[in-house]
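Heads up, the thing below is written out as structure tokens.
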Amino acid sequence: MRKVDGGAPAKLAVDRLSVGYNKKTLIADISFSLQPGEILTLIGPNGAGKTTILKSITRHLALISGVVAIDGSDIERMRSKDVAGKLAVMLTARTKPELMTCRELVGAGRYPYTGSFGLLTQEDKHIVQQALETVHAEAFADRFVSEISDGQLQRVLLARALCQEPEIIVLDEPTSYLDIKHKIELLEILRSMAKNKHITVVMSLHEIDLAEKVSDKIVCVKGDSIADYGTPHEIFTDERISALYDLERGSFNALFGSVELAKPQGKARCFVIGGNGCGVAFYRALQKRGAAFAAGILAQNDVDYPVAQALAETVVAAQAFMPFSEELFARAKAQIDTTDFVIDAGCPIGELNRANAALLKYAKETGKPVITDFNRLAEVID
């Protein structure tokens with residue numbers, strides 16, 4: 001069993017796990033360990049097996065081999081009530097119980113602590129109310145579950161899990177159905193629980209940009225084994241994410257944690273003079289219209305640069321913090337000569353990028369149309 005801190009067992013340890021259905025292994029050799037307050041997120045393509053792993057950890061599916069342990073104790077040998085007192089589960093739900101209020105559904109999370117009749121004490125009711133407030137669901141607490149939205153249901157189910165006062169919480173796609181505001185709120189709740197209450201969190205997410213920001217550890221699920229396991233810093237690189245999701249068109253930008261669509265094909269129709277973030281909107285507008293373009297002169301540490309790299313047919317770029325050389329200036333002029341028009345994205349001119357002002361002057365002197373109005377792009381391109 002995995003141990004830390006001079007022999008103390010991990011809060012949650014998964015050791016050489018094999019999971020699947022009907023005794024047929026789908027994913028083998030799964031191992032990781034988590035300390036109190038750590039967040040681990042499973043990412044990977046649809047159908048890769050993330051839910052299967054989570055259901056196996058929580059005993060919703062029988063293990064094929066390997067061990068899941070809480071505080072060093074094999075979960076398979078623990079009583080269900082003891083497991084429920086330590087581990088709460090929020091799996092993706094598609095149905096809503098009829099004739100039950102949200103408060104009653106949340107109260108069901110207290111079952112490990114109630115007697116045979118499941119009656120809630122005043123303390124239990126107080127914990128239910130706290131859980132509802134934590135997930136910002138008190139406004140609809142007394143409405144029937146059948147009357148609330150899917151996003152509201154997600155928050156109610158999280159509140160039910162919190163009512164168990166767990167040491168570990170396992171969630172399958174908890175941000176499903178949520179708008180961006182509530183995605184952020186829910187992940188902030190989980191981060192706060194982990195930091196302040198030392199609750200260990202294991203979940204799956206499709207939003208890899210959010211997974212990178214909220215997680216301490218990442219498991220990449222693909223094929224019949226774990227593709228990668230490590231910290232977000234280790235996992236979220238252009239190459240690893242592109243390989244994980246088989247990105248043949250488009251690309252993942254590790255710096256911004258975002259995805260760019262495929263670059264337009266063909267000869268560059270225009271040259272975009274950008275920088276300082278001014279060019280990004282133009283790059284993406286050109287991409288949407290399928291218009292290939294060249295970009296420059298950009299420093300490699302400019303925020304425009306990674307987007308230009310993903311979308312432009314050619315990028316004329318200088319090393320970070322270095323002045324634009326005569327050689328780069330000549331390359332940029334040669335690119336302008338082969339295009340139909342130039343876009344001035346409006347980047348401020350300073351000491352290091354004065355060559356771009358000279359490029360604009362060159363374009364006008366050679367008779368190239370210079371577009372400065374973003375709203376004119378459509379008429380110029382189409």
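Each chain in the structure tokens gets a letter, A, B, ..., in the order shown, and its residues are numbered from 1; ligands are numbered from 1 in order too.
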Got a sec: who's within 9 Å of A:His206, counting only C-alpha atoms, leaving out chain neighbours fewer than 5 positions off, as a VMD selection string? chain A and resid 42 to 46 173 175 to 176 211
Which neighbours of A:Lys333 fall inside 9 Å, counting only C-alpha atoms, when residues of the same chain fewer than 3 positions from it are skipped, and could you give them as a ChimeraX atom specification? /A:328-330,336-338,359,362-363
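Proximity of A:Val89, A:Leu17, A:Leu244, A:Met203 to A:Leu63, computed with only C-alpha atoms, is greatest for A:Leu17.
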Which residues, written as a count of residues only, have at least one atom at most 12 Å from A:Ile208, with only C-alpha atoms counted and residues fewer than 2 positions away on the same chain left out? 34
As a ChimeraX atom specification, please: every residue in stretch 129-230 of chain A that a backbone DSSP assignment puts in strand (DSSP E or B). /A:144,168-172,200-204,217-222,225-230
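The list of residues with at least one atom within 10 Å of A:Asn196, based on only C-alpha atoms and without residues fewer than 5 positions apart in the same chain, reads Gly37, Leu190 and Arg191 of chain A.
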How about saving the chosen residues, N, CA, C and O atoms kept, as an mmCIF file, in the first residue's frame?
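Full text of part.cif as output:
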data_model
loop_
_atom_site.group_PDB
_atom_site.id
_atom_site.type_symbol
_atom_site.label_atom_id
_atom_site.label_comp_id
_atom_site.auth_asym_id
_atom_site.auth_seq_id
_atom_site.Cartn_x
_atom_site.Cartn_y
_atom_site.Cartn_z
ATOM 1 N N GLY A 37 -6.939 16.933 1.004
ATOM 2 C CA GLY A 37 -6.972 18.248 0.391
ATOM 3 C C GLY A 37 -6.459 18.313 -1.028
ATOM 4 O O GLY A 37 -6.470 19.390 -1.637
ATOM 5 N N LEU A 190 -15.310 23.391 -4.657
ATOM 6 C CA LEU A 190 -14.470 22.206 -4.479
ATOM 7 C C LEU A 190 -13.064 22.591 -4.021
ATOM 8 O O LEU A 190 -12.490 21.938 -3.141
ATOM 9 N N ARG A 191 -12.501 23.645 -4.616
ATOM 10 C CA ARG A 191 -11.163 24.092 -4.231
ATOM 11 C C ARG A 191 -11.140 24.548 -2.781
ATOM 12 O O ARG A 191 -10.208 24.258 -2.029
#
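Ranking A:Asp224, A:Glu165, A:Asp373, A:Glu147 by their shortest atom-to-atom distance to A:Gln130, with only C-alpha atoms included, puts A:Glu165 first.
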Among stretch 47-259 of chain A, which ones does DSSP place in helix (DSSP H, G or I), written as a ChimeraX atom specification? /A:50-57,75-77,80-86,102-113,122-134,138-140,145-147,150-163,180-197,208-214,232-235,238-244
Include C-alpha atoms and write out the residues we just selected as an mmCIF file, in the first residue's frame.
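Below is the file that was written, again07.cif:
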data_model
loop_
_atom_site.group_PDB
_atom_site.id
_atom_site.type_symbol
_atom_site.label_atom_id
_atom_site.label_comp_id
_atom_site.auth_asym_id
_atom_site.auth_seq_id
_atom_site.Cartn_x
_atom_site.Cartn_y
_atom_site.Cartn_z
ATOM 1 C CA LYS A 50 -13.142 7.888 -17.036
ATOM 2 C CA THR A 51 -16.569 7.019 -15.618
ATOM 3 C CA THR A 52 -15.644 3.334 -15.456
ATOM 4 C CA ILE A 53 -12.618 4.197 -13.307
ATOM 5 C CA LEU A 54 -14.674 6.397 -10.988
ATOM 6 C CA LYS A 55 -17.418 3.794 -10.587
ATOM 7 C CA SER A 56 -14.799 1.165 -9.797
ATOM 8 C CA ILE A 57 -13.210 3.354 -7.131
ATOM 9 C CA ILE A 75 -12.298 -0.461 0.524
ATOM 10 C CA GLU A 76 -13.534 -3.912 -0.525
ATOM 11 C CA ARG A 77 -13.251 -5.078 3.094
ATOM 12 C CA SER A 80 -20.848 0.079 3.224
ATOM 13 C CA LYS A 81 -21.832 2.411 6.057
ATOM 14 C CA ASP A 82 -18.178 2.956 6.980
ATOM 15 C CA VAL A 83 -17.331 3.737 3.357
ATOM 16 C CA ALA A 84 -20.270 6.164 3.166
ATOM 17 C CA GLY A 85 -18.924 7.968 6.231
ATOM 18 C CA LYS A 86 -15.639 8.635 4.463
ATOM 19 C CA CYS A 102 -34.403 19.625 -3.098
ATOM 20 C CA ARG A 103 -34.032 19.878 0.669
ATOM 21 C CA GLU A 104 -35.237 16.297 1.086
ATOM 22 C CA LEU A 105 -32.847 15.059 -1.602
ATOM 23 C CA VAL A 106 -29.942 16.834 0.095
ATOM 24 C CA GLY A 107 -31.060 15.394 3.434
ATOM 25 C CA ALA A 108 -30.682 11.892 2.000
ATOM 26 C CA GLY A 109 -26.945 12.488 2.210
ATOM 27 C CA ARG A 110 -27.182 12.174 5.989
ATOM 28 C CA TYR A 111 -28.099 8.473 5.809
ATOM 29 C CA PRO A 112 -24.751 7.213 7.182
ATOM 30 C CA TYR A 113 -25.530 9.041 10.427
ATOM 31 C CA GLN A 122 -31.876 19.262 14.401
ATOM 32 C CA GLU A 123 -28.135 18.950 13.880
ATOM 33 C CA ASP A 124 -28.735 17.001 10.643
ATOM 34 C CA LYS A 125 -31.111 19.716 9.419
ATOM 35 C CA HIS A 126 -28.530 22.363 10.227
ATOM 36 C CA ILE A 127 -25.926 20.470 8.168
ATOM 37 C CA VAL A 128 -28.425 20.195 5.277
ATOM 38 C CA GLN A 129 -29.003 23.958 5.380
ATOM 39 C CA GLN A 130 -25.254 24.638 5.436
ATOM 40 C CA ALA A 131 -24.743 22.378 2.422
ATOM 41 C CA LEU A 132 -27.501 24.154 0.490
ATOM 42 C CA GLU A 133 -25.942 27.528 1.288
ATOM 43 C CA THR A 134 -22.481 26.311 0.318
ATOM 44 C CA GLU A 138 -31.074 27.761 -0.749
ATOM 45 C CA ALA A 139 -33.323 29.848 -3.037
ATOM 46 C CA PHE A 140 -34.920 26.728 -4.532
ATOM 47 C CA VAL A 145 -36.615 18.317 -7.814
ATOM 48 C CA SER A 146 -38.721 17.759 -10.927
ATOM 49 C CA GLU A 147 -39.202 21.527 -11.196
ATOM 50 C CA ASP A 150 -30.306 20.370 -14.818
ATOM 51 C CA GLY A 151 -27.745 22.926 -13.671
ATOM 52 C CA GLN A 152 -29.586 23.461 -10.398
ATOM 53 C CA LEU A 153 -29.787 19.695 -9.962
ATOM 54 C CA GLN A 154 -25.995 19.476 -10.192
ATOM 55 C CA ARG A 155 -25.684 21.864 -7.273
ATOM 56 C CA VAL A 156 -28.282 19.952 -5.243
ATOM 57 C CA LEU A 157 -26.447 16.671 -5.838
ATOM 58 C CA LEU A 158 -23.203 18.282 -4.687
ATOM 59 C CA ALA A 159 -24.966 19.515 -1.558
ATOM 60 C CA ARG A 160 -26.202 15.961 -0.907
ATOM 61 C CA ALA A 161 -22.620 14.710 -1.177
ATOM 62 C CA LEU A 162 -21.415 17.428 1.206
ATOM 63 C CA CYS A 163 -24.051 16.367 3.752
ATOM 64 C CA ILE A 180 -19.660 29.387 -17.149
ATOM 65 C CA LYS A 181 -20.587 31.333 -14.006
ATOM 66 C CA HIS A 182 -21.800 28.234 -12.208
ATOM 67 C CA LYS A 183 -18.926 26.091 -13.497
ATOM 68 C CA ILE A 184 -16.532 28.524 -11.853
ATOM 69 C CA GLU A 185 -18.609 28.701 -8.674
ATOM 70 C CA LEU A 186 -18.763 24.919 -8.351
ATOM 71 C CA LEU A 187 -15.023 24.482 -8.881
ATOM 72 C CA GLU A 188 -14.326 27.267 -6.396
ATOM 73 C CA ILE A 189 -16.480 25.379 -3.886
ATOM 74 C CA LEU A 190 -14.470 22.206 -4.479
ATOM 75 C CA ARG A 191 -11.163 24.092 -4.231
ATOM 76 C CA SER A 192 -12.304 25.733 -0.993
ATOM 77 C CA MET A 193 -13.421 22.370 0.441
ATOM 78 C CA ALA A 194 -10.069 20.862 -0.412
ATOM 79 C CA LYS A 195 -8.059 23.728 1.064
ATOM 80 C CA ASN A 196 -10.100 24.559 4.152
ATOM 81 C CA LYS A 197 -11.657 21.211 5.077
ATOM 82 C CA ILE A 208 -9.400 20.856 -19.811
ATOM 83 C CA ASP A 209 -8.742 24.566 -19.285
ATOM 84 C CA LEU A 210 -10.566 24.362 -15.937
ATOM 85 C CA ALA A 211 -8.961 21.027 -15.066
ATOM 86 C CA GLU A 212 -5.544 22.627 -15.426
ATOM 87 C CA LYS A 213 -6.465 25.490 -13.099
ATOM 88 C CA VAL A 214 -8.213 23.578 -10.303
ATOM 89 C CA PRO A 232 -0.859 20.074 -14.441
ATOM 90 C CA HIS A 233 2.516 21.662 -15.218
ATOM 91 C CA GLU A 234 3.760 18.306 -16.487
ATOM 92 C CA ILE A 235 0.619 17.244 -18.334
ATOM 93 C CA ASP A 238 0.781 21.293 -26.567
ATOM 94 C CA GLU A 239 2.178 17.897 -27.524
ATOM 95 C CA ARG A 240 0.646 15.817 -24.716
ATOM 96 C CA ILE A 241 -2.864 17.256 -25.023
ATOM 97 C CA SER A 242 -2.799 17.002 -28.819
ATOM 98 C CA ALA A 243 -1.763 13.354 -28.538
ATOM 99 C CA LEU A 244 -4.344 12.588 -25.837
#
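The nearest approach to A:Phe282 among the residues A:Gly223, A:Val342, A:Gly266, A:Met322, with only C-alpha atoms taken into account, belongs to A:Val342.
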One residue among A:Asp344, A:Phe324, A:Arg376, A:Leu352 is nearest to A:Lys364 when using only C-alpha atoms, and that residue is A:Asp344
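The space separating atom CA of A:Asn353 from atom CA of A:Thr314 comes to 18.4 Å.
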